[in-house]
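Participant: File structure39.cif below, mmCIF, C-alpha atoms:
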```
data_run
loop_
_atom_site.label_atom_id
_atom_site.label_comp_id
_atom_site.auth_asym_id
_atom_site.auth_seq_id
_atom_site.Cartn_x
_atom_site.Cartn_y
_atom_site.Cartn_z
CA MET A 1080 14.73 9.11 13.50
CA ARG A 1081 14.27 5.38 13.76
CA ASP A 1082 15.10 3.36 16.85
CA TYR A 1083 16.17 0.06 15.33
CA TRP A 1084 15.33 -2.33 18.18
CA LEU A 1085 12.06 -0.65 19.00
CA SER A 1086 11.15 -0.92 15.33
CA LYS A 1087 12.24 -4.57 15.34
CA LEU A 1088 10.08 -5.29 18.36
CA PHE A 1089 7.03 -3.73 16.71
CA PHE A 1090 7.75 -5.44 13.40
CA ASP A 1091 8.11 -8.87 15.01
CA LEU A 1092 4.97 -8.51 17.10
CA GLN A 1093 2.74 -7.55 14.19
CA SER A 1094 4.15 -10.17 11.83
CA THR A 1095 4.12 -13.13 14.25
CA PRO A 1096 0.70 -13.73 15.84
CA ALA A 1097 2.07 -16.22 18.37
CA LEU A 1098 4.58 -13.64 19.58
CA GLY A 1099 1.79 -11.11 19.90
CA ALA A 1100 -0.13 -13.52 22.11
CA GLU A 1101 2.96 -14.15 24.22
CA TYR A 1102 3.48 -10.40 24.53
CA ARG A 1103 -0.05 -9.81 25.72
CA ALA A 1104 0.39 -12.56 28.31
CA ASP A 1105 3.84 -11.52 29.56
CA ARG A 1106 5.15 -8.26 28.15
CA ALA A 1107 8.37 -8.21 30.23
CA LYS A 1108 9.41 -11.68 29.08
CA VAL A 1109 9.34 -10.60 25.44
CA LEU A 1110 10.87 -7.19 26.08
CA ASP A 1111 13.85 -8.81 27.79
CA ARG A 1112 14.88 -10.27 24.41
CA TYR A 1113 15.29 -6.83 22.83
CA PRO A 1114 18.20 -4.52 23.69
CA LEU A 1115 16.01 -1.47 24.17
CA LYS A 1116 17.50 1.67 25.68
CA PRO A 1117 16.15 2.20 29.22
CA GLU A 1118 14.13 5.27 28.27
CA VAL A 1119 12.63 3.44 25.31
CA ARG A 1120 11.67 0.44 27.43
CA ALA A 1121 10.10 2.77 29.96
CA ALA A 1122 8.06 4.39 27.21
CA VAL A 1123 6.89 0.97 26.03
CA ASP A 1124 5.90 0.05 29.58
CA LYS A 1125 3.90 3.27 29.86
CA ASP A 1126 2.28 3.08 26.40
CA ASP A 1127 3.78 6.52 25.80
CA VAL A 1128 2.48 6.96 22.26
CA ALA A 1129 4.06 10.37 21.71
CA PHE A 1130 7.55 9.19 22.72
CA LEU A 1131 7.28 6.03 20.63
CA ALA A 1132 5.80 7.85 17.62
CA ALA A 1133 9.00 9.83 17.22
CA ARG A 1134 11.06 6.65 16.90
CA VAL A 1135 9.22 4.23 14.62
CA ASN A 1136 7.42 4.19 11.31
CA PRO A 1137 3.81 5.34 11.88
CA TYR A 1138 2.36 2.17 10.36
CA LEU A 1139 4.37 0.03 12.80
CA LEU A 1140 3.16 2.22 15.64
CA ARG A 1141 -0.42 1.63 14.54
CA PHE A 1142 0.06 -2.13 14.11
CA TYR A 1143 1.79 -2.42 17.50
CA PHE A 1144 -1.09 -0.94 19.42
CA VAL A 1145 -3.55 -3.14 17.51
CA VAL A 1146 -1.52 -6.15 18.65
CA CYS A 1147 -1.53 -4.78 22.19
CA GLY A 1148 -5.31 -4.58 22.11
CA MET A 1149 -5.51 -0.84 22.78
CA PRO A 1150 -9.07 0.30 21.94
CA GLU A 1151 -9.27 2.20 18.67
CA GLY A 1152 -10.66 5.35 20.27
CA GLU A 1153 -7.88 5.44 22.85
CA PHE A 1154 -5.19 5.03 20.21
CA LEU A 1155 -6.70 7.72 18.00
CA SER A 1156 -6.84 10.10 20.93
CA LYS A 1157 -3.24 9.41 21.94
CA VAL A 1158 -1.77 9.55 18.46
CA ARG A 1159 -3.65 12.77 17.68
CA ASN A 1160 -2.16 14.30 20.80
CA ALA A 1161 1.30 12.95 19.99
CA GLY A 1162 2.18 15.86 17.73
CA ALA A 1163 1.32 18.40 20.39
CA ASP A 1164 3.16 16.38 23.05
CA ALA A 1165 6.26 16.14 20.91
CA ALA A 1166 6.21 19.88 20.25
CA ALA A 1167 5.84 20.60 23.96
CA ARG A 1168 8.75 18.30 24.87
CA SER A 1169 10.89 19.91 22.21
CA SER A 1170 10.17 23.40 23.45
CA HIS A 1171 11.09 22.32 26.97
CA GLY A 1172 14.42 20.87 25.87
CA MET B 685 3.95 -10.48 -28.30
CA ALA B 686 2.02 -9.84 -25.11
CA GLU B 687 -0.73 -7.27 -25.07
CA LEU B 688 -1.36 -4.64 -22.41
CA ALA B 689 -5.01 -5.52 -21.89
CA GLY B 690 -5.94 -2.95 -19.27
CA VAL B 691 -4.67 -0.61 -16.58
CA PHE B 692 -6.53 -0.13 -13.31
CA ALA B 693 -6.16 1.42 -9.88
CA SER B 694 -7.92 0.88 -6.59
CA SER B 695 -7.73 1.75 -2.92
CA HIS B 696 -7.22 -1.07 -0.44
CA ALA B 697 -8.42 0.21 2.96
CA PRO B 698 -8.09 -2.57 5.58
CA LEU B 699 -11.24 -1.42 7.38
CA VAL B 700 -13.24 -2.35 4.29
CA ILE B 701 -12.63 -5.88 5.55
CA ARG B 702 -12.13 -5.74 9.27
CA GLY B 703 -14.57 -2.91 9.92
CA TRP B 704 -17.21 -3.57 7.26
CA LYS B 705 -20.11 -3.83 9.71
CA ASP B 706 -19.29 -0.38 11.10
CA ILE B 707 -19.59 1.32 7.70
CA SER B 708 -22.86 3.13 7.03
CA ALA B 709 -25.23 1.44 4.59
CA PRO B 710 -24.86 4.16 1.91
CA ASN B 711 -21.07 3.98 2.11
CA GLN B 712 -21.16 0.18 1.99
CA GLN B 713 -23.26 0.49 -1.14
CA SER B 714 -20.84 2.98 -2.72
CA LEU B 715 -17.83 0.82 -1.98
CA LYS B 716 -19.56 -2.32 -3.21
CA HIS B 717 -20.56 -0.61 -6.44
CA ALA B 718 -17.01 0.67 -6.97
CA TYR B 719 -15.34 -2.68 -6.35
CA ASP B 720 -17.94 -4.47 -8.49
CA GLU B 721 -17.31 -2.10 -11.39
CA LEU B 722 -13.54 -2.39 -10.98
CA GLY B 723 -13.87 -6.17 -11.06
CA ARG B 724 -16.23 -6.07 -14.04
CA ARG B 725 -13.82 -3.93 -16.05
CA MET B 726 -10.84 -6.06 -15.09
CA LYS B 727 -12.60 -9.29 -16.04
CA ALA B 728 -13.73 -7.74 -19.33
CA ALA B 729 -10.04 -7.19 -20.13
CA ARG B 730 -9.60 -11.00 -19.91
CA PRO B 731 -6.13 -10.88 -18.40
CA ASP B 732 -3.99 -14.01 -18.49
CA VAL B 733 -1.68 -12.34 -15.97
CA ILE B 734 -2.09 -9.38 -13.65
CA VAL B 735 0.93 -7.22 -12.85
CA GLU B 736 0.04 -5.69 -9.52
CA ILE B 737 1.79 -2.72 -7.91
CA SER B 738 1.24 -2.31 -4.19
CA PRO B 739 3.23 -1.31 -1.11
CA ASP B 740 4.54 -3.72 1.49
CA HIS B 741 2.85 -3.07 4.84
CA TRP B 742 5.76 -4.42 6.89
CA VAL B 743 5.16 -7.98 5.79
CA ASN B 744 8.14 -8.84 3.60
CA PHE B 745 10.65 -6.13 4.36
CA PHE B 746 12.05 -4.34 7.38
CA ILE B 747 14.43 -1.43 7.85
CA ASN B 748 17.44 -3.76 7.77
CA ASN B 749 16.66 -4.55 4.13
CA LEU B 750 14.26 -2.24 2.40
CA PRO B 751 14.12 -2.19 -1.39
CA ALA B 752 12.64 0.81 -3.14
CA ILE B 753 11.06 -1.49 -5.70
CA CYS B 754 10.91 -5.29 -5.70
CA VAL B 755 9.64 -7.56 -8.47
CA GLY B 756 8.21 -10.93 -7.42
CA VAL B 757 9.73 -13.42 -9.87
CA GLY B 758 8.78 -16.65 -8.10
CA GLU B 759 6.48 -19.48 -9.14
CA GLU B 760 4.27 -18.98 -6.12
CA HIS B 761 3.55 -16.34 -3.54
CA GLU B 762 1.76 -16.49 -0.22
CA GLY B 763 -1.64 -14.94 0.38
CA PRO B 764 -2.25 -12.32 3.04
CA GLY B 765 -1.31 -13.30 6.56
CA GLU B 766 -3.07 -10.59 8.52
CA PRO B 767 -5.36 -12.31 11.06
CA TRP B 768 -8.32 -10.23 9.90
CA MET B 769 -7.77 -11.44 6.33
CA LYS B 770 -8.32 -15.10 7.25
CA GLU B 771 -11.52 -15.28 5.19
CA CYS B 772 -9.64 -14.23 2.07
CA PRO B 773 -9.62 -17.16 -0.37
CA TYR B 774 -6.10 -16.45 -1.64
CA LYS B 775 -3.71 -18.75 0.22
CA ALA B 776 -1.13 -19.73 -2.40
CA ILE B 777 -0.98 -17.32 -5.33
CA ALA B 778 0.63 -18.37 -8.60
CA GLY B 779 3.28 -16.09 -9.98
CA HIS B 780 4.50 -15.83 -13.55
CA PRO B 781 8.27 -16.23 -13.37
CA LYS B 782 8.92 -15.77 -17.08
CA LEU B 783 7.05 -12.48 -17.41
CA ALA B 784 8.31 -11.25 -14.05
CA THR B 785 11.93 -11.99 -14.93
CA HIS B 786 11.47 -10.32 -18.30
CA ILE B 787 10.12 -7.21 -16.56
CA ALA B 788 13.09 -7.15 -14.18
CA GLN B 789 15.51 -7.61 -17.08
CA VAL B 790 13.94 -4.83 -19.12
CA ALA B 791 14.04 -2.64 -16.03
CA PHE B 792 17.80 -3.10 -15.74
CA GLU B 793 18.21 -2.36 -19.42
CA HIS B 794 16.39 0.93 -18.82
CA ASP B 795 18.62 1.91 -15.87
CA PHE B 796 16.22 0.87 -13.13
CA GLU B 797 17.59 -1.51 -10.50
CA PRO B 798 14.71 -3.33 -8.80
CA ALA B 799 15.25 -5.97 -6.17
CA VAL B 800 13.77 -9.37 -6.94
CA SER B 801 12.13 -11.92 -4.68
CA HIS B 802 11.32 -15.54 -5.45
CA ARG B 803 8.60 -15.71 -2.79
CA LEU B 804 6.62 -12.79 -1.47
CA ILE B 805 3.74 -12.53 0.93
CA LEU B 806 1.00 -10.56 -0.80
CA ASP B 807 -0.71 -8.62 1.96
CA HIS B 808 -4.09 -6.90 2.05
CA GLY B 809 -2.87 -4.25 -0.35
CA PHE B 810 -2.60 -6.85 -3.07
CA ALA B 811 -5.58 -8.95 -2.02
CA ILE B 812 -8.44 -6.59 -1.16
CA PRO B 813 -9.09 -5.05 -4.60
CA LEU B 814 -9.07 -8.46 -6.31
CA TRP B 815 -11.11 -10.13 -3.58
CA LYS B 816 -13.69 -7.36 -3.36
CA GLY B 817 -13.64 -7.12 -7.15
CA GLY B 818 -14.99 -10.64 -7.33
CA PHE B 819 -11.95 -12.60 -8.45
CA ASP B 820 -12.73 -15.97 -6.84
CA LEU B 821 -9.95 -17.53 -8.87
CA LEU B 822 -6.89 -15.47 -9.67
CA PRO B 823 -4.84 -15.52 -12.82
CA PRO B 824 -1.10 -15.60 -12.15
CA ILE B 825 0.11 -12.44 -10.44
CA VAL B 826 3.38 -10.61 -10.98
CA PRO B 827 3.68 -8.57 -7.79
CA ILE B 828 5.71 -5.40 -7.79
CA ILE B 829 6.25 -3.78 -4.42
CA PHE B 830 6.86 -0.03 -4.28
CA ASN B 831 8.18 1.35 -1.01
CA ASP B 832 5.48 3.89 -0.19
CA LEU B 833 5.82 3.60 3.59
CA GLU B 834 9.31 4.25 4.86
CA PRO B 835 11.31 7.25 3.58
CA PRO B 836 13.24 7.82 1.47
CA LEU B 837 10.59 6.97 -1.12
CA PRO B 838 10.91 6.66 -4.89
CA THR B 839 10.30 9.97 -6.61
CA VAL B 840 7.03 10.61 -8.40
CA ARG B 841 8.94 11.24 -11.61
CA ARG B 842 10.66 7.85 -11.42
CA CYS B 843 7.39 6.09 -10.66
CA LEU B 844 5.93 7.58 -13.81
CA ALA B 845 8.95 6.42 -15.78
CA TRP B 846 8.70 2.98 -14.14
CA GLY B 847 5.18 2.65 -15.46
CA ALA B 848 6.23 3.57 -19.00
CA MET B 849 9.06 1.04 -18.81
CA LEU B 850 6.64 -1.58 -17.46
CA ALA B 851 4.31 -1.14 -20.43
CA GLU B 852 7.26 -1.50 -22.80
CA ALA B 853 8.37 -4.64 -20.97
CA ILE B 854 4.90 -6.15 -21.24
CA ARG B 855 4.59 -5.35 -24.92
CA SER B 856 8.02 -6.83 -25.67
CA TYR B 857 7.31 -10.10 -23.85
CA PRO B 858 7.50 -12.78 -26.55
CA GLU B 859 4.37 -14.77 -25.75
CA SER B 860 0.84 -14.06 -26.85
CA ILE B 861 -0.77 -13.29 -23.50
CA ARG B 862 -3.01 -10.55 -22.20
CA VAL B 863 -1.56 -8.62 -19.27
CA ALA B 864 -3.42 -6.21 -17.00
CA VAL B 865 -1.78 -3.74 -14.63
CA LEU B 866 -3.44 -3.02 -11.30
CA ALA B 867 -2.07 -0.36 -8.95
CA THR B 868 -3.39 -0.29 -5.40
CA GLY B 869 -3.30 2.20 -2.56
CA GLY B 870 -4.24 5.80 -1.77
CA LEU B 871 -5.90 8.13 -2.03
CA SER B 872 -5.54 10.43 0.99
CA HIS B 873 -5.26 8.84 4.42
CA SER B 874 -3.07 9.03 7.47
CA ILE B 875 -1.92 6.04 9.51
CA GLY B 876 -0.28 6.23 12.93
CA GLU B 877 0.14 10.01 12.69
CA PRO B 878 -1.50 12.88 14.57
CA THR B 879 -3.75 13.37 11.52
CA MET B 880 -4.91 9.73 11.56
CA GLY B 881 -8.46 9.43 10.28
CA GLU B 882 -8.38 12.63 8.26
CA ILE B 883 -9.34 12.42 4.61
CA ASP B 884 -8.29 15.32 2.37
CA GLU B 885 -11.01 15.22 -0.26
CA ALA B 886 -9.78 18.45 -1.84
CA PHE B 887 -6.39 16.82 -2.45
CA ASP B 888 -8.01 13.68 -3.78
CA ARG B 889 -10.26 15.56 -6.20
CA GLU B 890 -7.38 17.67 -7.48
CA CYS B 891 -5.20 14.60 -7.82
CA LEU B 892 -7.89 12.88 -9.88
CA ARG B 893 -8.23 15.99 -12.06
CA HIS B 894 -4.50 15.86 -12.78
CA PHE B 895 -4.76 12.22 -13.84
CA GLU B 896 -7.71 13.11 -16.07
CA GLY B 897 -5.89 16.09 -17.52
CA GLY B 898 -2.98 13.94 -18.57
CA ASP B 899 -0.36 16.69 -18.33
CA GLU B 900 2.76 15.05 -16.94
CA ARG B 901 4.43 18.15 -15.61
CA SER B 902 1.42 19.45 -13.70
CA LEU B 903 0.75 16.00 -12.18
CA VAL B 904 4.34 15.60 -11.01
CA ASP B 905 4.57 19.17 -9.72
CA PHE B 906 1.28 18.85 -7.87
CA LEU B 907 2.28 15.63 -6.16
CA ASN B 908 5.79 16.83 -5.34
CA GLU B 909 4.31 19.88 -3.69
CA ARG B 910 1.39 18.29 -1.89
CA LEU B 911 2.40 14.74 -0.88
CA PRO B 912 4.84 15.94 1.81
CA THR B 913 2.08 18.08 3.34
CA ILE B 914 -0.66 15.49 3.86
CA GLY B 915 -1.15 12.12 5.53
CA ASN B 916 1.41 9.40 4.91
CA GLY B 917 -1.03 7.03 3.20
CA ALA B 918 -1.33 9.31 0.19
CA ALA B 919 2.25 8.33 -0.67
CA GLU B 920 0.68 5.24 -2.23
CA VAL B 921 -0.53 7.49 -5.07
CA ARG B 922 2.93 6.71 -6.47
CA ASN B 923 1.47 3.36 -7.54
CA TRP B 924 -1.31 5.14 -9.44
CA VAL B 925 1.37 7.29 -11.06
CA ALA B 926 3.13 4.15 -12.27
CA ALA B 927 -0.15 2.86 -13.68
CA HIS B 928 -0.65 6.24 -15.37
CA GLY B 929 2.80 5.87 -16.92
CA ALA B 930 1.97 2.34 -18.08
CA ALA B 931 -1.17 3.68 -19.77
CA GLY B 932 0.82 6.25 -21.69
CA LYS B 933 -0.35 9.11 -19.44
CA ARG B 934 -3.76 9.31 -21.07
CA GLY B 935 -7.24 7.81 -20.93
CA PHE B 936 -7.80 8.07 -17.17
CA GLU B 937 -11.39 7.24 -16.26
CA LEU B 938 -12.62 7.60 -12.71
CA ILE B 939 -14.82 4.68 -11.71
CA ASP B 940 -15.74 6.21 -8.39
CA TYR B 941 -14.46 8.23 -5.48
CA CYS B 942 -15.83 7.43 -2.02
CA ASN B 943 -14.94 9.57 0.97
CA VAL B 944 -15.51 6.96 3.68
CA PRO B 945 -14.61 8.28 7.15
CA GLU B 946 -15.28 4.87 8.69
CA VAL B 947 -12.29 3.40 6.84
CA TYR B 948 -10.10 6.53 7.21
CA VAL B 949 -9.43 6.56 3.47
CA GLY B 950 -10.48 8.61 0.48
CA CYS B 951 -11.17 5.59 -1.70
CA GLY B 952 -10.51 5.92 -5.42
CA PHE B 953 -11.16 3.48 -8.27
CA ALA B 954 -10.08 3.99 -11.85
CA SER B 955 -9.27 2.47 -15.18
CA TRP B 956 -7.44 3.85 -18.19
CA ASN B 957 -8.90 3.81 -21.69
CA LEU B 958 -5.91 2.54 -23.63
CA GLY B 959 -7.48 3.56 -26.92
CA ALA B 960 -7.61 7.21 -25.92
CA ARG B 961 -5.89 9.68 -28.23
CA PRO B 962 -2.73 11.36 -26.98
#
```
Could you spell out this file's structure in structure tokens?

Facilitator:
Amino acid sequence: MRDYWLSKLFFDLQSTPALGAEYRADRAKVLDRYPLKPEVRAAVDKDDVAFLAARVNPYLLRFYFVVCGMPEGEFLSKVRNAGADAAARSSHG
Amino acid sequence: MAELAGVFASSHAPLVIRGWKDISAPNQQSLKHAYDELGRRMKAARPDVIVEISPDHWVNFFINNLPAICVGVGEEHEGPGEPWMKECPYKAIAGHPKLATHIAQVAFEHDFEPAVSHRLILDHGFAIPLWKGGFDLLPPIVPIIFNDLEPPLPTVRRCLAWGAMLAEAIRSYPESIRVAVLATGGLSHSIGEPTMGEIDEAFDRECLRHFEGGDERSLVDFLNERLPTIGNGAAEVRNWVAAHGAAGKRGFELIDYCNVPEVYVGCGFASWNLGARP
């Protein structure tokens, strides 16, 4: 499943360095320009890698968190746990 | 008529550039040797034009407009724009509109329907093998983008057929030029997935054996079975398959294989001996 506007946000951020800088300075200001569903915006606010991973291309997920400045080790840890998290959420409805 | 002067394949791991200092000395040496030998063989082919097959890493296309295959037919393309590629010397990259348009036309005549673009951005996938291979000055490039990233992806069988068609298009081009084909990407790696960082050397070795063996059916069957089961980056092996098709499915010669955990990629480098017997 692809969430179009989440994907568009990630695509724009990784392809436009100035937008990435603006995002790092004021995340809410940039997010306001994208019609994200409330639960998706909440996941972005929380850096919920597992939730986001289920909705975008994995390369865009990777590029997004590079733009955000998340340390490599932290991203690897979160993305490696994403599969288990997704399975747990699924089994709990 | 144009001559198919050489067929080559290479990995293009970004961390070879942006994480070079974190790679162990022996692995740096292995990668340097592999890229040097790739570059030496490519230069020895004396290409007037390089037709390069690589994926688009979300630089030119998005999910609102996502071609399966796109031929760059413009006079000029842009060099890589990734911030960590700023040292790359390729800023404006000359295309070869006449050859590129001929390839697109021949593709349509063979029942392929590629998209075309008159100006592409050639990202790290295009640039790293040529840069690390020592091409300070590039010949004109005909870029061909394969969608290896966002499903649905072109089938392995069609990629093989694409390569055969590409060779026929090159050989039927009515100017006396030497044309090399370079496919980039793979081998096994996983990006943005729970398996990120894992290299499947067993897959890579078996994949290379299938290229060496030259049996079309076993190569296609192997990839159809295994690609869906391993990391997403291995999907770029489709580009190698197209190169294999361009070479007539024979003559594969492994330059080197480097399992480099620091760059998350099983790095492969190859050329095809076009004089090999069927």

Participant: Run through the PyMOL selection byres ((chain B) within 10 of (chain A)) on the given coordinates and return the selected residues as JSON, numbers by chain.

Facilitator: {"B": [741, 742, 743, 744, 745, 746, 747, 748, 765, 766, 767, 833, 834, 835, 874, 875, 876, 877, 878, 879, 880, 881, 916, 917]}

Participant: Near Phe895 of chain B, within 8 Å and counting only C-alpha atoms, which residues show up once chain neighbours fewer than 2 positions away are dropped, as a compact mmCIF listing (two decimals) with C-alpha atoms, keeping the file's coordinate frame?

Facilitator:
```txt
# COMPACT_ATOMS: atom_id res chain seq x y z
CA CYS B 891 -5.20 14.60 -7.82
CA LEU B 892 -7.89 12.88 -9.88
CA ARG B 893 -8.23 15.99 -12.06
CA GLY B 897 -5.89 16.09 -17.52
CA GLY B 898 -2.98 13.94 -18.57
CA ASP B 899 -0.36 16.69 -18.33
CA LEU B 903 0.75 16.00 -12.18
CA HIS B 928 -0.65 6.24 -15.37
CA LYS B 933 -0.35 9.11 -19.44
CA ARG B 934 -3.76 9.31 -21.07
CA PHE B 936 -7.80 8.07 -17.17
```

Participant: When distances are computed from all atoms listed in the file, which of A:Leu1110, A:Met1149, A:Val1119, A:Leu1131 shows the smallest separation from Leu1092 of chain A?

Facilitator: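 Residue with the minimum atom-to-atom distance to Leu1092 of chain A: A:Leu1110.
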
Participant: Enclose the full set of atoms of segment 896-909 of chain B listed in the file within a box whose edges lie along x, y and z, apply 6 Å of padding to each of the six sides, and report centre and edge lengths in Å to one decimal as JSON.

Facilitator:
```
{"center_x": -1.0, "center_y": 16.5, "center_z": -11.1, "size_x": 25.5, "size_y": 18.8, "size_z": 26.9}
```

Participant: Which residues come within 9 Å of Trp924 of chain B, counting all atoms listed in the file, excluding same-chain residues fewer than 6 positions away, as a PyMOL selection string?

Facilitator: chain B and resi 692-694+737+843-844+866-870

Participant: I'd like to know which of B:Ile734, B:Ala697, B:Pro836, B:Gly723 is closest to Ile777 of chain B, using only C-alpha atoms.

Facilitator: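 Ranked by minimum distance to Ile777 of chain B, first place goes to B:Ile734.
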
Participant: Neighbours of segment 807-821 of chain B within 10 Å (only C-alpha atoms; same-chain residues fewer than 2 positions away dropped), as an mmCIF file with C-alpha atoms, keeping the file's coordinate frame?

Facilitator:
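Writing the result to around-v3.cif gives the following:
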```
data_model
loop_
_atom_site.group_PDB
_atom_site.id
_atom_site.type_symbol
_atom_site.label_atom_id
_atom_site.label_comp_id
_atom_site.auth_asym_id
_atom_site.auth_seq_id
_atom_site.Cartn_x
_atom_site.Cartn_y
_atom_site.Cartn_z
ATOM 1 C CA ALA B 693 -6.160 1.420 -9.880
ATOM 2 C CA SER B 694 -7.920 0.880 -6.590
ATOM 3 C CA SER B 695 -7.730 1.750 -2.920
ATOM 4 C CA HIS B 696 -7.220 -1.070 -0.440
ATOM 5 C CA ALA B 697 -8.420 0.210 2.960
ATOM 6 C CA PRO B 698 -8.090 -2.570 5.580
ATOM 7 C CA VAL B 700 -13.240 -2.350 4.290
ATOM 8 C CA ILE B 701 -12.630 -5.880 5.550
ATOM 9 C CA LEU B 715 -17.830 0.820 -1.980
ATOM 10 C CA LYS B 716 -19.560 -2.320 -3.210
ATOM 11 C CA HIS B 717 -20.560 -0.610 -6.440
ATOM 12 C CA ALA B 718 -17.010 0.670 -6.970
ATOM 13 C CA TYR B 719 -15.340 -2.680 -6.350
ATOM 14 C CA ASP B 720 -17.940 -4.470 -8.490
ATOM 15 C CA GLU B 721 -17.310 -2.100 -11.390
ATOM 16 C CA LEU B 722 -13.540 -2.390 -10.980
ATOM 17 C CA GLY B 723 -13.870 -6.170 -11.060
ATOM 18 C CA ARG B 724 -16.230 -6.070 -14.040
ATOM 19 C CA ARG B 725 -13.820 -3.930 -16.050
ATOM 20 C CA MET B 726 -10.840 -6.060 -15.090
ATOM 21 C CA LYS B 727 -12.600 -9.290 -16.040
ATOM 22 C CA GLU B 736 0.040 -5.690 -9.520
ATOM 23 C CA ILE B 737 1.790 -2.720 -7.910
ATOM 24 C CA SER B 738 1.240 -2.310 -4.190
ATOM 25 C CA PRO B 739 3.230 -1.310 -1.110
ATOM 26 C CA ASP B 740 4.540 -3.720 1.490
ATOM 27 C CA HIS B 741 2.850 -3.070 4.840
ATOM 28 C CA TRP B 742 5.760 -4.420 6.890
ATOM 29 C CA VAL B 743 5.160 -7.980 5.790
ATOM 30 C CA ASN B 744 8.140 -8.840 3.600
ATOM 31 C CA GLU B 762 1.760 -16.490 -0.220
ATOM 32 C CA GLY B 763 -1.640 -14.940 0.380
ATOM 33 C CA PRO B 764 -2.250 -12.320 3.040
ATOM 34 C CA GLY B 765 -1.310 -13.300 6.560
ATOM 35 C CA GLU B 766 -3.070 -10.590 8.520
ATOM 36 C CA TRP B 768 -8.320 -10.230 9.900
ATOM 37 C CA MET B 769 -7.770 -11.440 6.330
ATOM 38 C CA CYS B 772 -9.640 -14.230 2.070
ATOM 39 C CA PRO B 773 -9.620 -17.160 -0.370
ATOM 40 C CA TYR B 774 -6.100 -16.450 -1.640
ATOM 41 C CA ILE B 777 -0.980 -17.320 -5.330
ATOM 42 C CA LEU B 804 6.620 -12.790 -1.470
ATOM 43 C CA ILE B 805 3.740 -12.530 0.930
ATOM 44 C CA PRO B 823 -4.840 -15.520 -12.820
ATOM 45 C CA PRO B 824 -1.100 -15.600 -12.150
ATOM 46 C CA ILE B 825 0.110 -12.440 -10.440
ATOM 47 C CA PRO B 827 3.680 -8.570 -7.790
ATOM 48 C CA ILE B 828 5.710 -5.400 -7.790
ATOM 49 C CA ILE B 829 6.250 -3.780 -4.420
ATOM 50 C CA LEU B 866 -3.440 -3.020 -11.300
ATOM 51 C CA ALA B 867 -2.070 -0.360 -8.950
ATOM 52 C CA THR B 868 -3.390 -0.290 -5.400
ATOM 53 C CA GLY B 869 -3.300 2.200 -2.560
ATOM 54 C CA PHE B 953 -11.160 3.480 -8.270
#
```

Participant: Between atom CA of Val1123 of chain A and atom CA of Leu1085 of chain A, what is the distance in Å, rounded to a tenth?

Facilitator: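 These two atoms are separated by 8.9 Å.
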
Participant: How many Å lie between atom CA of Glu859 of chain B and atom CA of Ala954 of chain B, rounded to one decimal?

Facilitator: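 Atom CA of Glu859 of chain B sits 27.5 Å away from atom CA of Ala954 of chain B.
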
Participant: Any idea what the distance is between atom CA of Lys705 of chain B and atom CA of His873 of chain B?

Facilitator: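 Result for atom CA of Lys705 of chain B versus atom CA of His873 of chain B: 20.2 Å, one decimal.
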
Participant: Leaving out segment 905-912 of chain B and any residue of its chain fewer than 3 positions from it, which residues lie within 10 Å of it when counting all atoms listed in the file, given as a list in words?

Facilitator: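 My reading of the contact set: Thr839, Val840, Arg841, Ser872, Phe887, Glu890, Cys891, His894, Glu900, Arg901, Ser902, Gly915, Asn916, Gly917, Ala918, Ala919, Glu920, Val921, Arg922 and Val925 of chain B.
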
Participant: Take the residues just selected and output them with C-alpha atoms as a PDB file, in the frame of the given file.

Facilitator:
```pdb
ATOM      1  CA  THR B 839      10.300   9.970  -6.610  1.00  0.00           C
ATOM      2  CA  VAL B 840       7.030  10.610  -8.400  1.00  0.00           C
ATOM      3  CA  ARG B 841       8.940  11.240 -11.610  1.00  0.00           C
ATOM      4  CA  SER B 872      -5.540  10.430   0.990  1.00  0.00           C
ATOM      5  CA  PHE B 887      -6.390  16.820  -2.450  1.00  0.00           C
ATOM      6  CA  GLU B 890      -7.380  17.670  -7.480  1.00  0.00           C
ATOM      7  CA  CYS B 891      -5.200  14.600  -7.820  1.00  0.00           C
ATOM      8  CA  HIS B 894      -4.500  15.860 -12.780  1.00  0.00           C
ATOM      9  CA  GLU B 900       2.760  15.050 -16.940  1.00  0.00           C
ATOM     10  CA  ARG B 901       4.430  18.150 -15.610  1.00  0.00           C
ATOM     11  CA  SER B 902       1.420  19.450 -13.700  1.00  0.00           C
ATOM     12  CA  GLY B 915      -1.150  12.120   5.530  1.00  0.00           C
ATOM     13  CA  ASN B 916       1.410   9.400   4.910  1.00  0.00           C
ATOM     14  CA  GLY B 917      -1.030   7.030   3.200  1.00  0.00           C
ATOM     15  CA  ALA B 918      -1.330   9.310   0.190  1.00  0.00           C
ATOM     16  CA  ALA B 919       2.250   8.330  -0.670  1.00  0.00           C
ATOM     17  CA  GLU B 920       0.680   5.240  -2.230  1.00  0.00           C
ATOM     18  CA  VAL B 921      -0.530   7.490  -5.070  1.00  0.00           C
ATOM     19  CA  ARG B 922       2.930   6.710  -6.470  1.00  0.00           C
ATOM     20  CA  VAL B 925       1.370   7.290 -11.060  1.00  0.00           C
TER      21      VAL B 925
END
```

Participant: Between B:Leu806, B:Val755, B:Ala845, B:Leu699, single out the one closest to Gln789 of chain B, counting all atoms listed in the file.

Facilitator: B:Val755

Participant: For Ser801 of chain B, please output as a count of residues only all residues within 9 Å (counting all atoms listed in the file; exclusion window: fewer than 6 positions along the same chain).

Facilitator: 5
